[in-house]
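Colleague: Please find one structure pasted underneath; my questions will follow.
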Amino acid sequence: MSSFVLAQGSLPADDVVRELDRELPGTQAAPLDLSAPPPGSGVLLIWLAADASPAVLAEIVAWASGHGLIACGADPEAALAAGFDDAVVGPLSTRELAARVRAVHRRVHRTTPARLRYGAVVIDADTHAMWVDGEPHTLTAMELSVMRALVRARGRTLSRGDLLDAAWGDGDLDVSERAVDNVILRLRRKLSRPDVIQTVRGVGFRLSDE
């Protein structure tokens with residue numbers, strides 16, 4: 001098991017990282033960079049400002065899909081609502097923080113990392129199965145690609161261009177954005193809850209969080 005300490009701004013004190021490394025050998029620290037892929041496959045401890053906005057928290061959760069996530073310093077209620085696995089604020093012993101990392105690691109791996117979920121939607125990337133409110137749905141590969149992109153966005157609005165890249169790849173110039181509308185239309189006809197896919201007029205589509 002590995003852990004990574006990432007910070008929006010100043011990194012925690014060196015002695016905090018050293019003590020964590022004693023409890024969790026291999027712990028590394030680095031600035032938070034959402035333009036690069038998240039490091040490794042372990043648990044990420046994200047040091048944040050107390051006033052980190054819900055939009056920033058949601059962006060971090062979408063960026064770190066598949067990793068265990070612990071927010072440090074941000075409002076715990078907002079962090080958990082955004083999709084973090086755990087949140088801590090105030091003075092905390094290194095031993096307790098390490099215990100929380102282990103607990104999140106167990107939880108993430110027990111629930112199968114390949115399983116993505118947001119709101120009522122659950123997707124198993126290995127079996128290509130999808131459920132809405134626990135009801136199974138059979139989708140084409142293209143439909144599943146669009147739904148997977150929406151789930152990973154965790155409520156953020158994706159443009160037609162974003163979904164086009166996710167489903168068809170950005171190298172296929174023969175597919176128009178109208179194809180995205182056709183896939184969304186087919187999905188709404190198939191889903192037990194068509195309203196789970198919401199249209200943001202003039203922007204694109206997002207998933208409901210309910």
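In the structure tokens, chains take letters A, B, ... by order of appearance, with residues numbered from 1 within each chain and ligands from 1 in the order shown.
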Would you list the contacts of Ser93 of chain A as a list in words, taking every protein, DNA or RNA residue within 10 Å and counting only C-alpha atoms, but skipping same-chain residues closer than 4 positions in sequence?

Modeller: Val16, Glu19, Leu20, Leu97, Ala98 and Ala99 of chain A

Colleague: Using N, CA and C atoms, can you export the residues from the last selection as a PDB file, in the first residue's frame?

Modeller:
```
ATOM      1  N   VAL A  16       5.995  16.121   9.442  1.00  0.00           N
ATOM      2  CA  VAL A  16       4.723  15.407   9.272  1.00  0.00           C
ATOM      3  C   VAL A  16       4.883  14.312   8.225  1.00  0.00           C
ATOM      4  N   GLU A  19       7.119  11.484   9.614  1.00  0.00           N
ATOM      5  CA  GLU A  19       6.404  10.628  10.564  1.00  0.00           C
ATOM      6  C   GLU A  19       5.406   9.728   9.844  1.00  0.00           C
ATOM      7  N   LEU A  20       4.751  10.261   8.823  1.00  0.00           N
ATOM      8  CA  LEU A  20       3.839   9.431   8.040  1.00  0.00           C
ATOM      9  C   LEU A  20       4.590   8.322   7.331  1.00  0.00           C
ATOM     10  N   LEU A  97      -3.892   9.509  11.506  1.00  0.00           N
ATOM     11  CA  LEU A  97      -3.968   9.757  10.071  1.00  0.00           C
ATOM     12  C   LEU A  97      -3.573   8.514   9.286  1.00  0.00           C
ATOM     13  N   ALA A  98      -2.520   7.824   9.726  1.00  0.00           N
ATOM     14  CA  ALA A  98      -2.105   6.584   9.066  1.00  0.00           C
ATOM     15  C   ALA A  98      -3.201   5.530   9.160  1.00  0.00           C
ATOM     16  N   ALA A  99      -3.889   5.470  10.305  1.00  0.00           N
ATOM     17  CA  ALA A  99      -4.980   4.507  10.471  1.00  0.00           C
ATOM     18  C   ALA A  99      -6.120   4.819   9.507  1.00  0.00           C
TER      19      ALA A  99
END
```

Colleague: Show me, as a ChimeraX atom specification, the residues that have an atom within 9 Å of Pro37 of chain A when counting only C-alpha atoms, minus same-chain residues fewer than 3 positions from it.

Modeller: /A:33-34,63-64

Colleague: Quick one: residues within 7 Å of Leu158 of chain A, only C-alpha atoms, excluding same-chain residues fewer than 3 positions away - as a PyMOL selection string?

Modeller: chain A and resi 162-163+204-206

Colleague: I'd like to know which residues of segment 67-187 of chain A are strand (DSSP E or B) (by DSSP, run on the backbone); could you write them as a list in words?

Modeller: Gly68, Leu69, Ile70, Ala71, Cys72, Asp86, Ala87, Val88, Arg115, Leu116, Arg117, Tyr118, Val121, Val122, Ile123, Asp124, Ala129, Met130, Trp131, Val132, Glu135, Pro136, His137, Leu158 and Ser159 of chain A

Colleague: Once you have the residues from the selection above, write them out as a compact mmCIF listing (two decimals), in the first residue's frame, restricted to N, CA and C atoms.

Modeller:
```
# COMPACT_ATOMS: atom_id res chain seq x y z
N GLY A 68 -8.22 6.16 -3.41
CA GLY A 68 -8.79 6.56 -2.14
C GLY A 68 -8.41 8.01 -1.88
N LEU A 69 -9.33 8.78 -1.32
CA LEU A 69 -9.10 10.22 -1.15
C LEU A 69 -9.42 10.66 0.27
N ILE A 70 -8.47 11.35 0.90
CA ILE A 70 -8.71 11.95 2.21
C ILE A 70 -8.43 13.45 2.11
N ALA A 71 -9.41 14.27 2.46
CA ALA A 71 -9.24 15.72 2.47
C ALA A 71 -8.72 16.15 3.84
N CYS A 72 -7.68 16.96 3.84
CA CYS A 72 -7.09 17.46 5.09
C CYS A 72 -7.19 18.98 5.12
N ASP A 86 -12.84 10.28 3.02
CA ASP A 86 -12.70 10.67 4.42
C ASP A 86 -12.25 12.13 4.43
N ALA A 87 -12.46 12.80 5.56
CA ALA A 87 -12.04 14.19 5.68
C ALA A 87 -11.66 14.47 7.12
N VAL A 88 -10.55 15.17 7.31
CA VAL A 88 -10.08 15.50 8.66
C VAL A 88 -9.77 16.99 8.72
N ARG A 115 -15.08 -0.41 -10.22
CA ARG A 115 -16.49 -0.03 -10.13
C ARG A 115 -16.60 1.47 -9.86
N LEU A 116 -17.24 2.18 -10.78
CA LEU A 116 -17.41 3.62 -10.68
C LEU A 116 -18.85 3.90 -10.27
N ARG A 117 -19.02 4.92 -9.43
CA ARG A 117 -20.39 5.25 -9.03
C ARG A 117 -20.54 6.75 -8.83
N TYR A 118 -21.72 7.24 -9.18
CA TYR A 118 -22.09 8.63 -8.87
C TYR A 118 -23.60 8.70 -8.83
N VAL A 121 -26.09 5.96 -10.29
CA VAL A 121 -25.47 5.17 -11.36
C VAL A 121 -24.22 4.45 -10.86
N VAL A 122 -24.11 3.17 -11.18
CA VAL A 122 -22.92 2.36 -10.87
C VAL A 122 -22.50 1.66 -12.16
N ILE A 123 -21.21 1.73 -12.48
CA ILE A 123 -20.67 1.08 -13.68
C ILE A 123 -19.52 0.17 -13.27
N ASP A 124 -19.54 -1.06 -13.74
CA ASP A 124 -18.42 -1.97 -13.56
C ASP A 124 -17.63 -1.99 -14.85
N ALA A 129 -21.02 -3.66 -17.16
CA ALA A 129 -22.39 -3.64 -16.67
C ALA A 129 -22.67 -2.28 -16.04
N MET A 130 -23.96 -1.88 -16.07
CA MET A 130 -24.35 -0.62 -15.45
C MET A 130 -25.68 -0.80 -14.74
N TRP A 131 -25.81 -0.15 -13.57
CA TRP A 131 -27.05 -0.18 -12.81
C TRP A 131 -27.49 1.25 -12.52
N VAL A 132 -28.79 1.48 -12.53
CA VAL A 132 -29.38 2.74 -12.09
C VAL A 132 -30.38 2.40 -11.00
N GLU A 135 -31.02 -1.23 -10.67
CA GLU A 135 -31.60 -1.95 -11.80
C GLU A 135 -30.58 -2.08 -12.93
N PRO A 136 -30.30 -3.29 -13.41
CA PRO A 136 -29.29 -3.46 -14.47
C PRO A 136 -29.78 -2.93 -15.81
N HIS A 137 -28.84 -2.41 -16.60
CA HIS A 137 -29.13 -1.89 -17.93
C HIS A 137 -28.11 -2.44 -18.91
N LEU A 158 -20.26 18.24 -18.84
CA LEU A 158 -19.34 17.95 -19.94
C LEU A 158 -19.95 18.47 -21.23
N SER A 159 -19.14 19.11 -22.02
CA SER A 159 -19.62 19.60 -23.32
C SER A 159 -19.76 18.44 -24.29
```

Colleague: With distances taken over only C-alpha atoms, which residue among A:Ala55, A:Leu80, A:Arg95, A:Pro38 lies nearest Leu24 of chain A?

Modeller: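 Nearest to Leu24 of chain A: A:Arg95.
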
Colleague: Leaving out Gly83 of chain A and any residue of its chain fewer than 2 positions from it, which residues lie within 8 Å of it when counting only C-alpha atoms, given as number ranges by chain?

Modeller: A: 58, 61, 79-81, 85

Colleague: Go through A:Val183, A:Val5, A:Leu32, A:Leu44 one by one, measure the shortest atom-to-atom distance of each to Leu139 of chain A using only C-alpha atoms, and give the residue with the smallest value.

Modeller: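 Ranked by minimum distance to Leu139 of chain A, first place goes to A:Val183.
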
Colleague: Give the helix (DSSP H, G or I) residues of chain A, as assigned by DSSP on the backbone, as a ChimeraX atom specification.

Modeller: /A:14-23,54-63,76-82,94-110,141-153,160-168,178-190,194-196

Colleague: What does the distance from atom CA of Gly40 of chain A to atom CA of Ser145 of chain A come to in Å, to one decimal?

Modeller: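 So the answer is 23.9 Å.
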
Colleague: Take atom CA of Leu6 of chain A and atom CA of Ser208 of chain A and report the distance between them in Å, one decimal.

Modeller: 29.0 Å
